[in-house]
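Engineer: I am sharing model03.csv, which consists of CSV, C-alpha atoms:
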```
chain,number,residue,atom,x,y,z
I,1024,MET,CA,1.3,-7.5,5.0
I,1025,SER,CA,0.8,-11.3,5.0
I,1026,GLU,CA,3.6,-13.7,5.5
I,1027,ILE,CA,6.5,-13.3,3.1
I,1028,ILE,CA,8.0,-16.4,1.5
I,1029,ILE,CA,11.3,-16.1,-0.3
I,1030,ARG,CA,11.7,-19.0,-2.7
I,1031,PRO,CA,13.6,-20.0,-5.9
I,1032,ALA,CA,11.8,-18.6,-9.0
I,1033,VAL,CA,10.1,-21.0,-11.4
I,1034,ALA,CA,9.4,-20.5,-15.1
I,1035,GLY,CA,5.8,-19.5,-14.2
I,1036,ASP,CA,7.2,-16.4,-12.3
I,1037,VAL,CA,8.9,-14.9,-15.3
I,1038,ALA,CA,6.0,-12.5,-16.3
I,1039,ALA,CA,5.7,-11.3,-12.7
I,1040,ILE,CA,9.5,-10.8,-12.4
I,1041,VAL,CA,9.6,-8.8,-15.7
I,1042,ALA,CA,6.7,-6.7,-14.4
I,1043,LEU,CA,8.7,-5.8,-11.3
I,1044,LEU,CA,11.8,-5.0,-13.5
I,1045,ALA,CA,9.7,-2.6,-15.6
I,1046,ASP,CA,8.0,-1.0,-12.7
I,1047,ASP,CA,10.2,2.1,-12.2
I,1048,GLU,CA,11.6,5.1,-14.1
I,1049,LEU,CA,14.6,3.2,-15.5
I,1050,GLY,CA,12.9,-0.2,-16.1
I,1051,ARG,CA,10.2,1.4,-18.2
I,1052,LEU,CA,12.9,2.5,-20.6
I,1053,ARG,CA,14.8,-0.8,-20.9
I,1054,GLU,CA,12.3,-3.7,-20.3
I,1055,SER,CA,9.8,-5.1,-22.7
I,1056,PRO,CA,7.1,-7.0,-20.7
I,1057,GLU,CA,5.0,-7.6,-23.9
I,1058,ASP,CA,7.6,-10.0,-25.3
I,1059,LEU,CA,8.6,-12.6,-22.7
I,1060,GLY,CA,10.7,-14.7,-25.1
I,1061,PRO,CA,14.1,-13.3,-24.2
I,1062,TYR,CA,13.3,-13.3,-20.5
I,1063,GLU,CA,12.2,-17.0,-20.7
I,1064,ALA,CA,15.4,-17.9,-22.4
I,1065,ALA,CA,17.5,-16.0,-19.8
I,1066,PHE,CA,15.5,-17.7,-17.0
I,1067,ALA,CA,16.3,-21.1,-18.4
I,1068,GLU,CA,20.0,-20.3,-18.5
I,1069,ILE,CA,20.0,-18.9,-15.0
I,1070,ASP,CA,17.9,-21.8,-13.7
I,1071,GLY,CA,20.3,-24.4,-15.2
I,1072,ASP,CA,23.4,-23.0,-13.6
I,1073,PRO,CA,24.1,-23.6,-9.9
I,1074,GLN,CA,26.2,-20.5,-9.7
I,1075,HIS,CA,23.0,-18.4,-10.1
I,1076,VAL,CA,20.0,-18.2,-7.8
I,1077,LEU,CA,17.0,-16.2,-8.9
I,1078,VAL,CA,14.5,-15.8,-6.1
I,1079,VAL,CA,11.1,-14.2,-5.6
I,1080,ALA,CA,9.4,-12.8,-2.5
I,1081,GLU,CA,5.8,-13.9,-2.4
I,1082,ALA,CA,2.9,-12.8,-0.2
I,1083,ALA,CA,-0.6,-14.2,-0.4
I,1084,GLY,CA,0.3,-16.0,-3.6
I,1085,ALA,CA,1.6,-12.9,-5.4
I,1086,VAL,CA,5.2,-12.2,-6.4
I,1087,ILE,CA,6.1,-8.8,-4.8
I,1088,GLY,CA,9.9,-8.9,-5.0
I,1089,THR,CA,12.9,-10.5,-6.7
I,1090,ALA,CA,16.6,-10.7,-6.6
I,1091,GLN,CA,19.4,-12.6,-8.3
I,1092,LEU,CA,22.4,-13.9,-6.5
I,1093,THR,CA,25.4,-15.0,-8.5
I,1094,TYR,CA,28.5,-16.7,-7.1
I,1095,LEU,CA,31.8,-15.6,-8.6
I,1096,PRO,CA,34.9,-17.7,-7.8
I,1097,GLY,CA,38.1,-15.7,-8.3
I,1098,LEU,CA,41.8,-15.8,-7.6
I,1099,SER,CA,42.1,-12.4,-5.8
I,1100,HIS,CA,41.6,-12.2,-2.1
I,1101,LYS,CA,43.4,-15.6,-1.8
I,1102,GLY,CA,41.0,-17.4,-4.1
I,1103,ALA,CA,37.8,-16.0,-2.5
I,1104,THR,CA,34.3,-16.4,-3.9
I,1105,ARG,CA,32.2,-13.3,-4.1
I,1106,ALA,CA,28.4,-13.1,-4.2
I,1107,GLN,CA,27.0,-10.6,-6.6
I,1108,ILE,CA,23.4,-9.4,-5.9
I,1109,GLU,CA,21.6,-8.2,-9.1
I,1110,ALA,CA,18.2,-7.0,-10.2
I,1111,VAL,CA,16.7,-6.3,-6.7
I,1112,ARG,CA,13.1,-5.1,-7.2
I,1113,ILE,CA,10.3,-4.6,-4.8
I,1114,GLY,CA,6.8,-4.1,-6.1
I,1115,SER,CA,5.5,-0.5,-5.6
I,1116,ALA,CA,2.8,-1.6,-3.2
I,1117,ALA,CA,5.4,-3.4,-0.9
I,1118,ARG,CA,8.0,-0.6,-0.9
I,1119,GLY,CA,8.7,0.8,2.5
I,1120,THR,CA,7.5,-2.4,4.3
I,1121,GLY,CA,11.0,-3.8,5.1
I,1122,LEU,CA,10.8,-6.4,2.3
I,1123,GLY,CA,13.9,-5.0,0.6
I,1124,SER,CA,16.0,-5.4,3.8
I,1125,THR,CA,14.6,-8.9,4.2
I,1126,LEU,CA,15.5,-9.9,0.6
I,1127,ILE,CA,19.0,-8.5,0.9
I,1128,GLN,CA,19.6,-10.2,4.2
I,1129,TRP,CA,18.4,-13.5,2.7
I,1130,CYS,CA,21.0,-13.0,-0.1
I,1131,VAL,CA,23.7,-12.2,2.4
I,1132,ASP,CA,22.8,-15.3,4.5
I,1133,ARG,CA,23.0,-17.5,1.4
I,1134,ALA,CA,26.4,-16.0,0.5
I,1135,ARG,CA,27.7,-16.7,4.0
I,1136,GLU,CA,26.4,-20.3,3.9
I,1137,ARG,CA,28.2,-20.7,0.6
I,1138,GLY,CA,31.5,-19.5,2.1
I,1139,CYS,CA,31.7,-16.3,0.2
I,1140,ALA,CA,34.3,-13.7,1.4
I,1141,LEU,CA,32.2,-10.7,0.4
I,1142,VAL,CA,28.9,-9.6,-1.1
I,1143,GLN,CA,28.8,-6.9,-3.7
I,1144,LEU,CA,26.2,-5.2,-5.8
I,1145,THR,CA,25.8,-2.3,-8.2
I,1146,SER,CA,23.2,0.3,-8.4
I,1147,ASP,CA,22.5,2.8,-11.1
I,1148,ALA,CA,24.3,6.1,-10.4
I,1149,THR,CA,20.9,7.9,-10.5
I,1150,ARG,CA,19.3,5.8,-7.7
I,1151,ALA,CA,20.2,8.0,-4.7
I,1152,ASP,CA,17.5,6.4,-2.5
I,1153,ALA,CA,18.7,3.0,-3.3
I,1154,HIS,CA,22.3,4.0,-2.4
I,1155,ARG,CA,21.1,5.3,1.0
I,1156,PHE,CA,19.2,2.0,1.5
I,1157,TYR,CA,22.3,-0.1,0.8
I,1158,GLU,CA,24.5,2.0,3.0
I,1159,ARG,CA,22.0,1.6,5.9
I,1160,LEU,CA,22.4,-2.2,5.4
I,1161,GLY,CA,26.2,-1.9,5.8
I,1162,PHE,CA,27.3,-1.8,2.1
I,1163,ARG,CA,30.0,0.7,1.3
I,1164,PRO,CA,30.6,2.5,-2.0
I,1165,THR,CA,34.2,1.3,-2.4
I,1166,HIS,CA,34.5,1.1,-6.2
I,1167,VAL,CA,33.5,2.9,-9.3
I,1168,GLY,CA,31.7,0.7,-11.9
I,1169,PHE,CA,32.0,1.0,-15.7
I,1170,LYS,CA,29.9,-0.5,-18.4
I,1171,LEU,CA,30.3,-0.9,-22.1
I,1172,ALA,CA,27.1,-1.5,-24.1
I,1173,LEU,CA,27.7,-4.1,-26.9
I,1174,ASP,CA,25.7,-4.3,-30.1
I,1175,PRO,CA,23.7,-7.4,-30.5
I,1176,PRO,CA,25.2,-10.1,-32.6
I,1177,ARG,CA,24.3,-10.0,-36.3
```
Starting from the file, give its structure as structure tokens.
Structural biologist:
Amino acid sequence: MSEIIIRPAVAGDVAAIVALLADDELGRLRESPEDLGPYEAAFAEIDGDPQHVLVVAEAAGAVIGTAQLTYLPGLSHKGATRAQIEAVRIGSAARGTGLGSTLIQWCVDRARERGCALVQLTSDATRADAHRFYERLGFRPTHVGFKLALDPPR
């Protein structure tokens, strides 16, 4: 694999990022790459907020991975800031190359530089391979997550 560059995403990356999000068994069910409008609006919001960092991993000019890092200030843990890693995706051709580990380590390093007390992430309960991957990187399954789907505004 050619040299990997991890850089902030730009608006021109949105289609490639959405393709990564849709490129697995769960993503195929919930993503709509044919309509980029909602993704472009979300990108603009993320890009305009310094508490969010959306990055892509690029090799030979192609986007082959992505992750979002969000900083969450809080009162617990003596006012600690947490870093939340979201939407980690590696293109199918780059899986198994170590890129996922590189991307997660990049996020952890940014969180440490920002003074975060911990880094957290969630992973769909059905993604057993991803859970083993995160545990190999030192993450521990210490909490149970809950979600509540909301109807779109009318």
Engineer: Pick from I:Ile1108, I:Gly1097, I:Ile1040, I:Asp1070: nearest to Pro1056 in chain I, with only C-alpha atoms counted?
Structural biologist: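 Of all the options, I:Ile1040 lies closest to Pro1056 in chain I.
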Engineer: For the contact check between range 1036-1136 of chain I and range 1147-1159 of chain I, emit one row per residue of range 1036-1136 of chain I within 12 Å, containing the shortest atom pair and the distance in Å rounded to one decimal, counting only C-alpha atoms, chain then rising number order, as CSV.
Structural biologist:
```
residue,atom,partner,partner_atom,distance
I:Asp1047,CA,I:Arg1150,CA,10.8
I:Glu1048,CA,I:Arg1150,CA,10.0
I:Leu1049,CA,I:Asp1147,CA,9.1
I:Gly1050,CA,I:Asp1147,CA,11.2
I:Ile1108,CA,I:Tyr1157,CA,11.5
I:Glu1109,CA,I:Asp1147,CA,11.2
I:Ala1110,CA,I:Asp1147,CA,10.7
I:Val1111,CA,I:Ala1153,CA,10.1
I:Arg1112,CA,I:Ala1153,CA,10.6
I:Ile1113,CA,I:Ala1153,CA,11.4
I:Arg1118,CA,I:Ala1153,CA,11.5
I:Gly1119,CA,I:Phe1156,CA,10.6
I:Gly1121,CA,I:Phe1156,CA,10.7
I:Leu1122,CA,I:Phe1156,CA,11.9
I:Gly1123,CA,I:Phe1156,CA,8.8
I:Ser1124,CA,I:Phe1156,CA,8.4
I:Leu1126,CA,I:Tyr1157,CA,11.9
I:Ile1127,CA,I:Tyr1157,CA,9.0
I:Gln1128,CA,I:Tyr1157,CA,11.0
```
Engineer: Would you mind reading off the distance between CA of Ala1090 in chain I and CA of Ile1029 in chain I, one decimal, in Å?
Structural biologist: 9.8 Å
Engineer: Closest to Pro1164 in chain I among I:Ala1083, I:Leu1092, I:Leu1077, I:Leu1144, using all atoms listed in the file?
Structural biologist: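 Counting all atoms listed in the file, the residue closest to Pro1164 in chain I is I:Leu1144.
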Engineer: My list of candidates is I:Ala1172, I:Cys1139, I:Val1086, I:Ala1080. Which is closest to Lys1101 in chain I when distances are computed with all atoms listed in the file?
Structural biologist: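 The shortest atom-to-atom distance to Lys1101 in chain I comes from I:Cys1139.
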Engineer: Expressed in Å to a single decimal, how great is the separation between CA of Ser1115 in chain I and CA of Val1079 in chain I?
Structural biologist: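 Atom-to-atom, CA of Ser1115 in chain I to CA of Val1079 in chain I, that is 14.8 Å.
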Engineer: Of the candidates I:Ala1045, I:Leu1141, I:Ile1069, I:Ala1116, which shows the shortest atom-to-atom distance to Arg1163 in chain I, using all atoms listed in the file?
Structural biologist: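 The answer is I:Leu1141, which sits nearest to Arg1163 in chain I.
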Engineer: Counting all atoms listed in the file, which of I:Val1078, I:Val1041, I:Leu1171, I:Leu1052 gets nearest to Cys1130 in chain I?
Structural biologist: I:Val1078
Engineer: Counting all atoms listed in the file, which residue out of I:Leu1043, I:Ala1103, I:Leu1160, I:Val1037 sits closest to Ala1140 in chain I?
Structural biologist: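 Distance minimum relative to Ala1140 in chain I lands on I:Ala1103.
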Engineer: Rounded to one decimal in Å, what is the spacing between CA of Gln1107 in chain I and CA of Arg1030 in chain I?
Structural biologist: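 According to the coordinates, CA of Gln1107 in chain I and CA of Arg1030 in chain I are separated by 17.9 Å.
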Engineer: Using all atoms listed in the file, which residues sit within 7 Å of Val1142 in chain I once same-chain residues fewer than 3 positions away are excluded, as a PyMOL selection string?
Structural biologist: chain I and resi 1105-1107+1131
Engineer: Please extract range 1096-1107 of chain I and write it out with N, CA, C and O atoms, as a PDB file, in the first residue's frame.
Structural biologist:
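The result, stored in decode_3.pdb:
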```pdb
ATOM      1  N   PRO I1096     -16.920  18.054  26.538  1.00  0.00           N
ATOM      2  CA  PRO I1096     -16.614  18.537  27.885  1.00  0.00           C
ATOM      3  C   PRO I1096     -17.711  18.073  28.835  1.00  0.00           C
ATOM      4  O   PRO I1096     -18.865  17.910  28.435  1.00  0.00           O
ATOM      5  N   GLY I1097     -17.335  17.817  30.059  1.00  0.00           N
ATOM      6  CA  GLY I1097     -18.333  17.366  31.034  1.00  0.00           C
ATOM      7  C   GLY I1097     -17.933  17.708  32.444  1.00  0.00           C
ATOM      8  O   GLY I1097     -16.801  18.120  32.709  1.00  0.00           O
ATOM      9  N   LEU I1098     -18.862  17.537  33.350  1.00  0.00           N
ATOM     10  CA  LEU I1098     -18.588  17.808  34.754  1.00  0.00           C
ATOM     11  C   LEU I1098     -18.054  16.581  35.490  1.00  0.00           C
ATOM     12  O   LEU I1098     -17.288  16.724  36.448  1.00  0.00           O
ATOM     13  N   SER I1099     -18.451  15.380  35.061  1.00  0.00           N
ATOM     14  CA  SER I1099     -17.992  14.187  35.771  1.00  0.00           C
ATOM     15  C   SER I1099     -16.491  13.986  35.564  1.00  0.00           C
ATOM     16  O   SER I1099     -15.887  14.591  34.667  1.00  0.00           O
ATOM     17  N   HIS I1100     -15.926  13.167  36.397  1.00  0.00           N
ATOM     18  CA  HIS I1100     -14.481  12.931  36.374  1.00  0.00           C
ATOM     19  C   HIS I1100     -13.729  14.252  36.538  1.00  0.00           C
ATOM     20  O   HIS I1100     -12.776  14.543  35.801  1.00  0.00           O
ATOM     21  N   LYS I1101     -14.221  15.074  37.468  1.00  0.00           N
ATOM     22  CA  LYS I1101     -13.580  16.353  37.814  1.00  0.00           C
ATOM     23  C   LYS I1101     -13.509  17.313  36.626  1.00  0.00           C
ATOM     24  O   LYS I1101     -12.517  17.996  36.414  1.00  0.00           O
ATOM     25  N   GLY I1102     -14.577  17.354  35.856  1.00  0.00           N
ATOM     26  CA  GLY I1102     -14.634  18.290  34.729  1.00  0.00           C
ATOM     27  C   GLY I1102     -13.847  17.836  33.520  1.00  0.00           C
ATOM     28  O   GLY I1102     -13.445  18.659  32.699  1.00  0.00           O
ATOM     29  N   ALA I1103     -13.678  16.538  33.375  1.00  0.00           N
ATOM     30  CA  ALA I1103     -12.856  16.002  32.282  1.00  0.00           C
ATOM     31  C   ALA I1103     -13.547  16.135  30.926  1.00  0.00           C
ATOM     32  O   ALA I1103     -14.765  16.069  30.823  1.00  0.00           O
ATOM     33  N   THR I1104     -12.722  16.291  29.916  1.00  0.00           N
ATOM     34  CA  THR I1104     -13.189  16.226  28.535  1.00  0.00           C
ATOM     35  C   THR I1104     -12.930  14.818  28.020  1.00  0.00           C
ATOM     36  O   THR I1104     -11.863  14.250  28.255  1.00  0.00           O
ATOM     37  N   ARG I1105     -13.934  14.280  27.337  1.00  0.00           N
ATOM     38  CA  ARG I1105     -13.812  12.964  26.706  1.00  0.00           C
ATOM     39  C   ARG I1105     -13.717  13.171  25.202  1.00  0.00           C
ATOM     40  O   ARG I1105     -14.239  14.149  24.673  1.00  0.00           O
ATOM     41  N   ALA I1106     -13.106  12.228  24.550  1.00  0.00           N
ATOM     42  CA  ALA I1106     -13.113  12.207  23.087  1.00  0.00           C
ATOM     43  C   ALA I1106     -13.941  11.005  22.660  1.00  0.00           C
ATOM     44  O   ALA I1106     -13.749   9.899  23.157  1.00  0.00           O
ATOM     45  N   GLN I1107     -14.878  11.237  21.771  1.00  0.00           N
ATOM     46  CA  GLN I1107     -15.743  10.182  21.238  1.00  0.00           C
ATOM     47  C   GLN I1107     -15.321   9.912  19.800  1.00  0.00           C
ATOM     48  O   GLN I1107     -15.319  10.824  18.970  1.00  0.00           O
TER      49      GLN I1107
END
```
